[in-house]
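*Asks:* Next comes the structure file upload24.pdb, holding PDB, C-alpha atoms, pLDDT in the B column.
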```
MODEL        1
ATOM      1  CA  GLN A  85     -77.380  74.387 -78.039  1.00 89.00           C
ATOM      2  CA  LEU A  86     -81.058  73.553 -77.969  1.00 94.00           C
ATOM      3  CA  GLN A  87     -81.833  69.857 -77.743  1.00 97.00           C
ATOM      4  CA  LEU A  88     -85.184  68.566 -78.949  1.00 98.00           C
ATOM      5  CA  VAL A  89     -87.152  65.456 -78.079  1.00 98.00           C
ATOM      6  CA  GLU A  90     -90.351  64.526 -79.904  1.00 97.00           C
ATOM      7  CA  SER A  91     -93.126  62.430 -78.394  1.00 97.00           C
ATOM      8  CA  GLY A  92     -96.705  61.516 -79.142  1.00 97.00           C
ATOM      9  CA  ALA A  93     -96.187  58.573 -81.448  1.00 94.00           C
ATOM     10  CA  GLY A  94     -99.193  56.425 -82.123  1.00 94.00           C
ATOM     11  CA  VAL A  95    -101.340  54.299 -84.368  1.00 97.00           C
ATOM     12  CA  VAL A  96    -104.719  55.796 -85.200  1.00 98.00           C
ATOM     13  CA  GLN A  97    -107.548  55.080 -87.584  1.00 98.00           C
ATOM     14  CA  PRO A  98    -108.293  57.396 -90.501  1.00 98.00           C
ATOM     15  CA  GLY A  99    -110.084  60.461 -89.215  1.00 98.00           C
ATOM     16  CA  GLY A 100    -108.383  60.218 -85.850  1.00 98.00           C
ATOM     17  CA  SER A 101    -106.188  62.733 -84.053  1.00 98.00           C
ATOM     18  CA  LEU A 102    -102.807  62.872 -82.358  1.00 98.00           C
ATOM     19  CA  ARG A 103    -100.855  65.574 -80.596  1.00 98.00           C
ATOM     20  CA  LEU A 104     -97.116  65.564 -81.082  1.00 98.00           C
ATOM     21  CA  SER A 105     -94.800  67.319 -78.660  1.00 98.00           C
ATOM     22  CA  CYS A 106     -91.356  68.787 -79.246  1.00 98.00           C
ATOM     23  CA  ALA A 107     -89.738  69.413 -75.876  1.00 98.00           C
ATOM     24  CA  GLY A 108     -86.687  71.631 -75.697  1.00 97.00           C
ATOM     25  CA  SER A 109     -83.838  71.451 -73.216  1.00 95.00           C
ATOM     26  CA  ARG A 110     -80.553  73.296 -72.548  1.00 96.00           C
ATOM     27  CA  ALA A 111     -81.966  76.431 -74.186  1.00 94.00           C
ATOM     28  CA  THR A 112     -85.157  78.433 -74.498  1.00 94.00           C
ATOM     29  CA  ILE A 113     -87.270  77.185 -77.357  1.00 95.00           C
ATOM     30  CA  ALA A 114     -88.895  80.615 -77.740  1.00 93.00           C
ATOM     31  CA  ASN A 115     -85.578  81.924 -79.100  1.00 93.00           C
ATOM     32  CA  TYR A 116     -85.843  79.626 -82.110  1.00 95.00           C
ATOM     33  CA  VAL A 117     -87.880  79.159 -85.235  1.00 96.00           C
ATOM     34  CA  ILE A 118     -89.353  75.675 -84.932  1.00 97.00           C
ATOM     35  CA  GLN A 119     -90.477  73.673 -87.907  1.00 97.00           C
ATOM     36  CA  TRP A 120     -92.088  70.255 -88.070  1.00 97.00           C
ATOM     37  CA  PHE A 121     -91.067  67.901 -90.863  1.00 97.00           C
ATOM     38  CA  ARG A 122     -92.079  64.392 -91.759  1.00 97.00           C
ATOM     39  CA  GLN A 123     -90.415  61.659 -93.747  1.00 97.00           C
ATOM     40  CA  THR A 124     -91.318  58.285 -95.181  1.00 96.00           C
ATOM     41  CA  PRO A 125     -88.848  55.735 -96.537  1.00 92.00           C
ATOM     42  CA  GLY A 126     -87.485  56.672 -99.937  1.00 92.00           C
ATOM     43  CA  LYS A 127     -88.881  60.196 -99.843  1.00 93.00           C
ATOM     44  CA  GLU A 128     -87.382  63.572 -99.016  1.00 92.00           C
ATOM     45  CA  ARG A 129     -88.125  65.209 -95.721  1.00 93.00           C
ATOM     46  CA  GLU A 130     -91.275  67.333 -96.076  1.00 95.00           C
ATOM     47  CA  GLY A 131     -91.896  70.574 -94.210  1.00 95.00           C
ATOM     48  CA  ILE A 132     -95.266  70.470 -92.478  1.00 95.00           C
ATOM     49  CA  SER A 133     -95.617  73.469 -90.216  1.00 97.00           C
ATOM     50  CA  CYS A 134     -93.550  76.263 -88.760  1.00 97.00           C
ATOM     51  CA  ILE A 135     -93.807  78.825 -85.973  1.00 96.00           C
ATOM     52  CA  ASN A 136     -91.854  82.081 -85.952  1.00 94.00           C
ATOM     53  CA  GLN A 137     -89.443  82.974 -83.200  1.00 91.00           C
ATOM     54  CA  ASP A 138     -91.924  85.435 -81.651  1.00 88.00           C
ATOM     55  CA  GLY A 139     -94.663  82.821 -81.766  1.00 87.00           C
ATOM     56  CA  ARG A 140     -97.047  85.196 -83.484  1.00 88.00           C
ATOM     57  CA  ALA A 141     -97.058  83.682 -86.943  1.00 92.00           C
ATOM     58  CA  THR A 142     -97.567  80.104 -88.035  1.00 94.00           C
ATOM     59  CA  TYR A 143     -97.337  78.467 -91.419  1.00 95.00           C
ATOM     60  CA  TYR A 144     -98.563  75.230 -92.924  1.00 96.00           C
ATOM     61  CA  GLY A 145     -97.657  73.212 -95.951  1.00 93.00           C
ATOM     62  CA  ASP A 146    -100.400  72.122 -98.312  1.00 93.00           C
ATOM     63  CA  SER A 147    -100.623  68.675 -96.763  1.00 92.00           C
ATOM     64  CA  GLY A 148    -101.548  70.009 -93.333  1.00 91.00           C
ATOM     65  CA  LYS A 149    -103.610  73.130 -94.011  1.00 93.00           C
ATOM     66  CA  GLY A 150    -106.927  72.992 -92.224  1.00 95.00           C
ATOM     67  CA  ARG A 151    -106.015  69.808 -90.364  1.00 97.00           C
ATOM     68  CA  PHE A 152    -102.817  70.504 -88.414  1.00 98.00           C
ATOM     69  CA  THR A 153    -102.177  73.178 -85.804  1.00 97.00           C
ATOM     70  CA  ILE A 154     -98.808  74.249 -84.440  1.00 97.00           C
ATOM     71  CA  SER A 155     -98.564  75.949 -81.059  1.00 97.00           C
ATOM     72  CA  ARG A 156     -96.004  76.736 -78.394  1.00 96.00           C
ATOM     73  CA  ASP A 157     -96.097  76.669 -74.584  1.00 95.00           C
ATOM     74  CA  ASP A 158     -93.198  78.751 -73.342  1.00 94.00           C
ATOM     75  CA  ASN A 159     -93.764  77.668 -69.736  1.00 95.00           C
ATOM     76  CA  LYS A 160     -93.157  74.083 -70.788  1.00 97.00           C
ATOM     77  CA  ASN A 161     -90.485  74.956 -73.357  1.00 97.00           C
ATOM     78  CA  THR A 162     -92.436  72.848 -75.817  1.00 97.00           C
ATOM     79  CA  VAL A 163     -93.900  73.163 -79.307  1.00 98.00           C
ATOM     80  CA  TYR A 164     -96.899  71.059 -80.237  1.00 98.00           C
ATOM     81  CA  LEU A 165     -98.344  69.806 -83.493  1.00 98.00           C
ATOM     82  CA  GLN A 166    -102.005  68.844 -83.324  1.00 98.00           C
ATOM     83  CA  LEU A 167    -102.914  66.428 -86.105  1.00 98.00           C
ATOM     84  CA  ASN A 168    -106.623  66.110 -86.893  1.00 98.00           C
ATOM     85  CA  ASN A 169    -108.581  64.184 -89.503  1.00 98.00           C
ATOM     86  CA  LEU A 170    -105.579  61.997 -90.161  1.00 98.00           C
ATOM     87  CA  LYS A 171    -105.242  60.101 -93.416  1.00 97.00           C
ATOM     88  CA  PRO A 172    -103.151  57.043 -94.284  1.00 97.00           C
ATOM     89  CA  ASP A 173    -100.847  59.318 -96.315  1.00 96.00           C
ATOM     90  CA  ASP A 174     -99.983  61.137 -93.082  1.00 97.00           C
ATOM     91  CA  SER A 175     -98.139  58.050 -91.853  1.00 98.00           C
ATOM     92  CA  ALA A 176     -94.505  59.033 -91.402  1.00 98.00           C
ATOM     93  CA  VAL A 177     -91.798  59.799 -88.897  1.00 98.00           C
ATOM     94  CA  TYR A 178     -92.348  63.332 -87.685  1.00 98.00           C
ATOM     95  CA  TYR A 179     -89.407  65.510 -86.670  1.00 98.00           C
ATOM     96  CA  CYS A 180     -89.109  68.934 -85.129  1.00 98.00           C
ATOM     97  CA  ALA A 181     -86.145  71.159 -85.912  1.00 97.00           C
ATOM     98  CA  ALA A 182     -84.833  74.494 -84.681  1.00 96.00           C
ATOM     99  CA  ASN A 183     -83.055  77.512 -86.131  1.00 94.00           C
ATOM    100  CA  ARG A 184     -81.929  80.417 -83.987  1.00 91.00           C
ATOM    101  CA  ALA A 185     -80.226  82.453 -86.702  1.00 87.00           C
ATOM    102  CA  ILE A 186     -83.426  83.593 -88.384  1.00 86.00           C
ATOM    103  CA  PRO A 187     -86.525  85.123 -86.744  1.00 84.00           C
ATOM    104  CA  LEU A 188     -88.960  84.088 -89.434  1.00 89.00           C
ATOM    105  CA  CYS A 189     -89.933  80.752 -90.868  1.00 91.00           C
ATOM    106  CA  PRO A 190     -88.148  79.976 -94.138  1.00 88.00           C
ATOM    107  CA  SER A 191     -89.772  78.453 -97.190  1.00 85.00           C
ATOM    108  CA  PHE A 192     -90.839  74.881 -96.732  1.00 84.00           C
ATOM    109  CA  GLY A 193     -88.289  72.514 -98.168  1.00 79.00           C
ATOM    110  CA  ARG A 194     -85.294  74.199 -96.553  1.00 89.00           C
ATOM    111  CA  ALA A 195     -84.435  71.456 -94.111  1.00 90.00           C
ATOM    112  CA  ASP A 196     -80.797  72.459 -94.632  1.00 92.00           C
ATOM    113  CA  LEU A 197     -81.393  75.641 -92.599  1.00 92.00           C
ATOM    114  CA  PHE A 198     -82.188  73.720 -89.421  1.00 94.00           C
ATOM    115  CA  GLY A 199     -79.272  72.559 -87.338  1.00 90.00           C
ATOM    116  CA  SER A 200     -80.983  71.078 -84.291  1.00 94.00           C
ATOM    117  CA  TRP A 201     -83.204  68.051 -84.803  1.00 96.00           C
ATOM    118  CA  GLY A 202     -85.075  65.652 -82.599  1.00 96.00           C
ATOM    119  CA  GLN A 203     -84.950  61.902 -83.039  1.00 97.00           C
ATOM    120  CA  GLY A 204     -88.403  61.665 -84.602  1.00 97.00           C
ATOM    121  CA  THR A 205     -91.706  60.132 -83.580  1.00 98.00           C
ATOM    122  CA  GLN A 206     -93.710  57.636 -85.621  1.00 98.00           C
ATOM    123  CA  VAL A 207     -97.271  58.326 -86.726  1.00 98.00           C
ATOM    124  CA  THR A 208     -99.196  55.488 -88.324  1.00 98.00           C
ATOM    125  CA  VAL A 209    -102.672  55.950 -89.736  1.00 98.00           C
ATOM    126  CA  SER A 210    -104.330  52.681 -90.596  1.00 96.00           C
ATOM    127  CA  SER A 211    -107.692  51.002 -90.404  1.00 94.00           C
TER
ENDMDL
END
```
Would you mind writing the structure in this file as structure tokens?
*Replies:*
Amino acid sequence: QLQLVESGAGVVQPGGSLRLSCAGSRATIANYVIQWFRQTPGKEREGISCINQDGRATYYGDSGKGRFTISRDDNKNTVYLQLNNLKPDDSAVYYCAANRAIPLCPSFGRADLFGSWGQGTQVTVSS
């Protein structure tokens, strides 16, 4: 069973950037669809970005299009989420999650399809 650990938490000013990491252990992350989610108190978990099992296709929710980039380094067994031009509304706990049963990213909003989750990493955007 793949275990995931997120890192890269930080406090940045609006317009700033952060790179989040999702490190896998006990299994090969390239065998999984990996999706990034974020959540703020009182709100549902929101799908942000996803990378297919073969690593060739990536997807972004409306909130991250043009600003966020998902990538994978198989040598490091890690998936990254580059966050650029951050806004205060991007403040949230960011989670990565994995699904091995499907090769392609599902529709955003299907957090129920992901069985392996990291513990989350906090992003705060504030002036």
*Asks:* Neighbours of Val89 of chain A within 8 Å (all atoms listed in the file; same-chain residues fewer than 6 positions away dropped), as a VMD selection string?
*Replies:* chain A and resid 105 to 108 202 to 204
*Asks:* Would you output that residue set with C-alpha atoms, as a CSV table (one decimal), keeping the file's coordinate frame?
*Replies:*
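What follows is the written file selection.csv:
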```
chain,number,residue,atom,x,y,z
A,105,SER,CA,-94.8,67.3,-78.7
A,106,CYS,CA,-91.4,68.8,-79.2
A,107,ALA,CA,-89.7,69.4,-75.9
A,108,GLY,CA,-86.7,71.6,-75.7
A,202,GLY,CA,-85.1,65.7,-82.6
A,203,GLN,CA,-85.0,61.9,-83.0
A,204,GLY,CA,-88.4,61.7,-84.6
```
*Asks:* How many Å lie between atom CA of Thr142 of chain A and atom CA of Lys160 of chain A, rounded to one decimal?
*Replies:*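 Distance reported for this atom pair: 18.8 Å.
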*Asks:* Could you spell out the hits of the PyMOL selection byres ((chain A and resi 98) around 12) on the shown file, as a PyMOL selection string?
*Replies:* chain A and resi 95-97+99-102+167-175+207-211
*Asks:* Output the residue selection produced by the PyMOL selection byres ((chain A and resi 166) around 7) on the file above, formatted as a PyMOL selection string.
*Replies:* chain A and resi 102-104+152-154+164-165+167-168
*Asks:* What lies within 12 Å of segment 186-194 of chain A using all atoms listed in the file, ignoring chain neighbours under 3 positions off, as an MDAnalysis selection string?
*Replies:* chainID A and resid 114:123 128:147 181:183 197:199
